[in-house]
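For reference, the structure is listed below as structure tokens.
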Amino acid sequence: MESDEDEVMQRVPLSERPEWSDVTPVPQDDGPNPVVPIDYKPDFVETMDYFRAIYVADERSSRALNLTAEAISFNPGNYTVWHFRRLVLEALDIDLQVELDFIDNIAKNNSKNYQIWHHRRWVAEKLGTDAADKELEFTKKILSADAKHYHAWSHRQWVLLALGGWEDELDYCRELLEEDIFNNSAWNQRYFVITRSPLLGGLEAMRESEVSYTVEAILAHPENESPWRYLRGLYKGDTQSWVNDHQVSLLCLRVLNTKSNFVFALSTLLDLLCHGLQPSQEAKDVVAALEMSGTVEPDSDLAKSVCFILEHVDPIRANYWRWRKSKLPHAT
Amino acid sequence: MLPTSTWALRKASPPKIRPWVSFVASYDPGHWVCGGGVVHVVVAGCGSTDHRGTLEYPGRTVTLEPAEGEVCANCSMTGDFGNCDMYKAKLVKLLWVLWVLAMRVSNITFGRAQVAPPPLDRAWWKMGGLAAEKHIQYILTVEKRKDDFISVVMEHLRMSGAYWGLTTLDLLEKLDTVDVDEVVSWVMKCQHESGGFGGNIGHDPHILYTLSAVQVLALFDKLNVLDIDKVTNYVAGLQNEDGSFSGDIWGEVDTRFSYIAICCLSILRRLNKINVEKAVSYVVSCKNLDGGFGCTPGGESHAGQIFCCVAALSLTGSLHHIDKDLLGWWLCERQVKSGGLNGRPEKLPDVCYSWWVLSSLIMIDRVHWINKEKLVKYILDCQDTENGGISDRPDDAVDVYHTYFGVAGLSLLEYPGLKAIDPAYALPVDVVNRIVFGR
């Protein structure tokens, strides 16, 4: 934001620029006695006064285009200015590739702004499938600075669906997860790709390889919420396969055996038990071992024991785990 | 009519059955609590803040699950009786007894009561935990600061700023410090001929600011100045073929806009102007594997989007589309060690999620799964106790947006001295009662 202000400091007032001499500025109307008067900076006020003038006159000219750029540099959130800019762009039939560069520039400091992304999509839509690569590249650049950038991900998903470019997307997700395995956005994108990419054959076709990938990720960081949820998502609509897949229960046991960072492993085991998993002797032993190491009273009902332990190791959510316990069918 | 504002369910341990009623002063001077000692009966469907309906979709009853080994021994209703005399108080008590009697005689049981954690520690209030006066001053002066970058970026969303500031004032019971006519005439100047409102005078209409304008008018009981058909036609006109909503004529689609449209039309009682079924099915199509919702189908779950989707489903009587237990767990996983809430896994906590996460949890009846005391403490830690205002995280700069979400979050947590806020309409409960139920 600082750089914007420097620029503003050196600017020549519009009232002193010859090309604007024929325009009478239109001041902001806050009413006679504004309730919430805002004291704006004079440069901003002047720019907006001139903008109002051309907006009211509906002047779709190249100086109008330049003025919207100035107004946007003051406040990229002003959607009215963006709207008007689109009308001018349409009227002047400007090369939209240049417009993409303009957005690149504005986005450098203001990438969390809804208007920029909406404008970007409007331009990309006009450019069509040719824009796909450039748009994927653009979002990649934003994501390299902030890998969980919600707008960038949203735009990227739109590009894939509307313009294509799925070829390298799974690889891209892998790259991001290598950088940060805790990146929930990248896990979400991975799910988006395996369920929606026209090139991959859908969830069931991908399940085997994805389960192995996810199991590895979990073993590296069992405290990571995202892959646990991803793993469950891989069995969407097929709970029986999830319960019966030994890889899942084995994963839980492997994590539980380490006796650290096991909350998600334990809660997954609880879910499996609630869905009818018959616990192995090993499962009973490993849970008993956790009970021994804590101050938790042993219970003959395995699911109940699991709830007790969770209540103990995750006290901030104790009410949740107590509720889970109350929902268990009574042990026979 | 009994003055209702919030429900408080109190735990008695060991469980005691007090057959009739108790009448005790509440935590707050000037307020009284009528306590009903009816075990296992929730007096529901009578204005629970989290189960409000609309005229089209009447209020749903409370269905709260019991925690093991606990019973609800005391459902109480707090109301603002002002400095009422004992005569009036006794009358209220009598009405309460009759009401409870009627409930018992007709054997209406709406389900067993969830025992909420013990009421928030009174000590917080006594210590003056919430710097209410400072926040009021902050709100009243915030827009007058000169040469402030914020004042420039706020210009186009002044309508939302007005909604945040004025709602905060109302929750702090200080809305009367504002000149109603001036606000209303400014709001109306922001209306566009299409019926929609802009973020400020002369700005293009957008659904975001249309809801803010309607909410501000609702706060002041001034909805009558609106040409309801004109506004609602604008909103309804933004619905797309697939049931989703655009934000304005430029066609950006987002589940935020679905909520905004539905909330706006609910306040104005014109939900029948849109295809509710399609609107609901679009929202449901944005549901993710973790039970949460994103901005478009496949978009990552985000607490802000979840609020929008849950509230949209709540206002249309469609909460059955939600896997409440799965979503509730995801939402309560958002609480981090400091007590604050984040909006996505592995993100930093932020006061605004006290609203987005908390209101969602309340709408799906799972708010008791988080640690409320710790969250209250986190919000209070984010106050600027010297100059007023609340920030996103402790020691950051304050702003109106976070001040609103902090105070609204505390209101949802039943913090003493604050008006109750409705989790779906995002307006004080008394305002919702007035506009939706005509009380």
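Labels for the structure tokens follow display order: chains A, B, ..., residues from 1 in each chain, ligands from 1.
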
- Counting only C-alpha atoms, collect the residues of chain A whose closest atom lies at most 8 Å from chain B, and write them out as a PyMOL selection string. chain A and resi 28-31+33-41+44+52+74-80+83+118+150+153-154+157+182-185+188-189+192+225-226+229-230+232-233+236+316-320+322-323+326

- Selection near A:Leu163, 9 Å with only C-alpha atoms, sequence-local residues under 3 positions removed, as a list in words: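 Residues near the query, excluding close chain neighbours: Ala124, Glu125, Gly128, Thr129, Asp130, Ala131, Ala132, Trp158, Val159 and Leu160 of chain A.
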
Just to be explicit: take each residue in the selection above, keep C-alpha atoms, and write the result as a short mmCIF file (atom, residue, chain, number, x, y, z; two decimals), in the first residue's frame.
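What landed in out.cif:
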data_model
loop_
_atom_site.label_atom_id
_atom_site.label_comp_id
_atom_site.auth_asym_id
_atom_site.auth_seq_id
_atom_site.Cartn_x
_atom_site.Cartn_y
_atom_site.Cartn_z
CA ALA A 124 -10.37 -14.48 -19.47
CA GLU A 125 -13.87 -15.48 -20.47
CA GLY A 128 -11.52 -18.02 -24.31
CA THR A 129 -9.52 -21.26 -24.15
CA ASP A 130 -6.35 -19.51 -25.32
CA ALA A 131 -6.24 -17.79 -21.95
CA ALA A 132 -6.13 -21.04 -19.96
CA TRP A 158 -13.06 -21.89 -12.70
CA VAL A 159 -10.29 -21.83 -15.33
CA LEU A 160 -9.99 -25.62 -15.28
#

- Message: Given only C-alpha atoms as the basis, pick out the residue of B:Gly237, B:Gly195, B:Gly438, B:Gly343 nearest to B:Ala213.
- Response: B:Gly195

- Spatial neighbours of stretch 219-229 of chain B, 9 Å, only C-alpha atoms, chain gap at least 5 places, as an MDAnalysis selection string: chainID B and resid 163 166:167 170 175 180 184 188 195 214 234 268 270 427:428 431:432 434:435

I'd like to know which residues of stretch 242-306 of chain B are strand (DSSP E or B) (by DSSP, run on the backbone); could you write them as a CSV table (one decimal) with all heavy atoms, in the first residue's frame?
chain,number,residue,atom,x,y,z
B,245,PHE,N,-27.0,-17.4,-7.2
B,245,PHE,CA,-27.3,-16.0,-7.3
B,245,PHE,C,-26.0,-15.3,-7.8
B,245,PHE,O,-24.9,-15.6,-7.4
B,245,PHE,CB,-27.7,-15.4,-6.0
B,245,PHE,CG,-29.2,-15.7,-5.7
B,245,PHE,CD1,-29.5,-16.9,-5.1
B,245,PHE,CD2,-30.1,-14.8,-6.0
B,245,PHE,CE1,-30.8,-17.2,-4.9
B,245,PHE,CE2,-31.5,-15.1,-5.7
B,245,PHE,CZ,-31.8,-16.3,-5.2
B,246,SER,N,-26.2,-14.3,-8.6
B,246,SER,CA,-25.1,-13.3,-9.0
B,246,SER,C,-25.1,-12.2,-8.0
B,246,SER,O,-26.1,-11.9,-7.4
B,246,SER,CB,-25.3,-12.8,-10.4
B,246,SER,OG,-25.3,-13.9,-11.3
B,253,VAL,N,-20.7,-15.3,-9.4
B,253,VAL,CA,-21.5,-16.2,-8.6
B,253,VAL,C,-20.8,-16.7,-7.4
B,253,VAL,O,-19.6,-17.0,-7.4
B,253,VAL,CB,-21.9,-17.4,-9.5
B,253,VAL,CG1,-22.6,-18.5,-8.7
B,253,VAL,CG2,-22.9,-17.0,-10.6
B,287,LYS,N,-21.4,-28.5,-1.1
B,287,LYS,CA,-21.0,-29.2,0.1
B,287,LYS,C,-19.8,-30.1,-0.2
B,287,LYS,O,-19.7,-30.7,-1.2
B,287,LYS,CB,-22.2,-30.1,0.6
B,287,LYS,CG,-21.9,-30.7,2.0
B,287,LYS,CD,-23.2,-31.2,2.6
B,287,LYS,CE,-23.9,-32.4,1.9
B,287,LYS,NZ,-25.0,-32.9,2.7
B,293,PHE,N,-18.7,-26.1,3.4
B,293,PHE,CA,-19.2,-25.6,2.1
B,293,PHE,C,-18.1,-24.6,1.6
B,293,PHE,O,-17.4,-24.0,2.3
B,293,PHE,CB,-20.5,-24.8,2.3
B,293,PHE,CG,-21.7,-25.7,2.6
B,293,PHE,CD1,-21.9,-26.0,4.0
B,293,PHE,CD2,-22.5,-26.2,1.7
B,293,PHE,CE1,-23.0,-26.8,4.4
B,293,PHE,CE2,-23.6,-27.0,2.1
B,293,PHE,CZ,-23.8,-27.3,3.4

- Could you tell me how far atom CA of A:Ser62 lies from atom CA of A:Arg11, in Å and to one decimal?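 Interatomic distance, atom CA of A:Ser62 to atom CA of A:Arg11: 18.9 Å.
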
- Message: Applying 12 Å and only C-alpha atoms, which residues near B:Asn275 remain after dropping the ones on its own chain fewer than 6 positions away? List them as a ChimeraX atom specification.
- Response: /B:236-245,258,261-262,265,281-282,316

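From atom CA of B:Ala424 back to atom CA of B:Gly247, the distance works out to 19.4 Å.
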
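The environment of A:Val306 within 8 Å, counting only C-alpha atoms and disregarding residues fewer than 3 places along the same chain, consists of Leu266, Ser267, Leu270, Val287, Leu302, Ala303, Ile309 and Leu310 of chain A.
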
- Residues at most 10 Å from B:Leu319, counting only C-alpha atoms, excluding those fewer than 4 positions away in the same chain, as a ChimeraX atom specification? /B:280,309-315,323-324,363-364

Could those residues be written to a file, using C-alpha atoms, as a short mmCIF file (atom, residue, chain, number, x, y, z; two decimals), in the first residue's frame?
data_model
loop_
_atom_site.label_atom_id
_atom_site.label_comp_id
_atom_site.auth_asym_id
_atom_site.auth_seq_id
_atom_site.Cartn_x
_atom_site.Cartn_y
_atom_site.Cartn_z
CA VAL B 280 -31.24 -24.78 -1.85
CA CYS B 309 -24.65 -21.82 3.36
CA VAL B 310 -25.87 -22.95 6.78
CA ALA B 311 -27.82 -19.72 7.31
CA ALA B 312 -29.33 -19.97 3.81
CA LEU B 313 -30.44 -23.52 4.57
CA SER B 314 -31.66 -22.50 8.01
CA LEU B 315 -33.79 -19.64 6.68
CA ASP B 323 -24.53 -33.63 8.09
CA LYS B 324 -24.62 -31.80 11.40
CA MET B 363 -27.71 -23.08 13.83
CA ILE B 364 -26.84 -26.78 13.75
#

- Message: Between atom CA of A:Phe138 and atom CA of A:Leu92, what is the distance in Å, rounded to a tenth?
- Response: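 Between atom CA of A:Phe138 and atom CA of A:Leu92 the gap works out to 25.2 Å.
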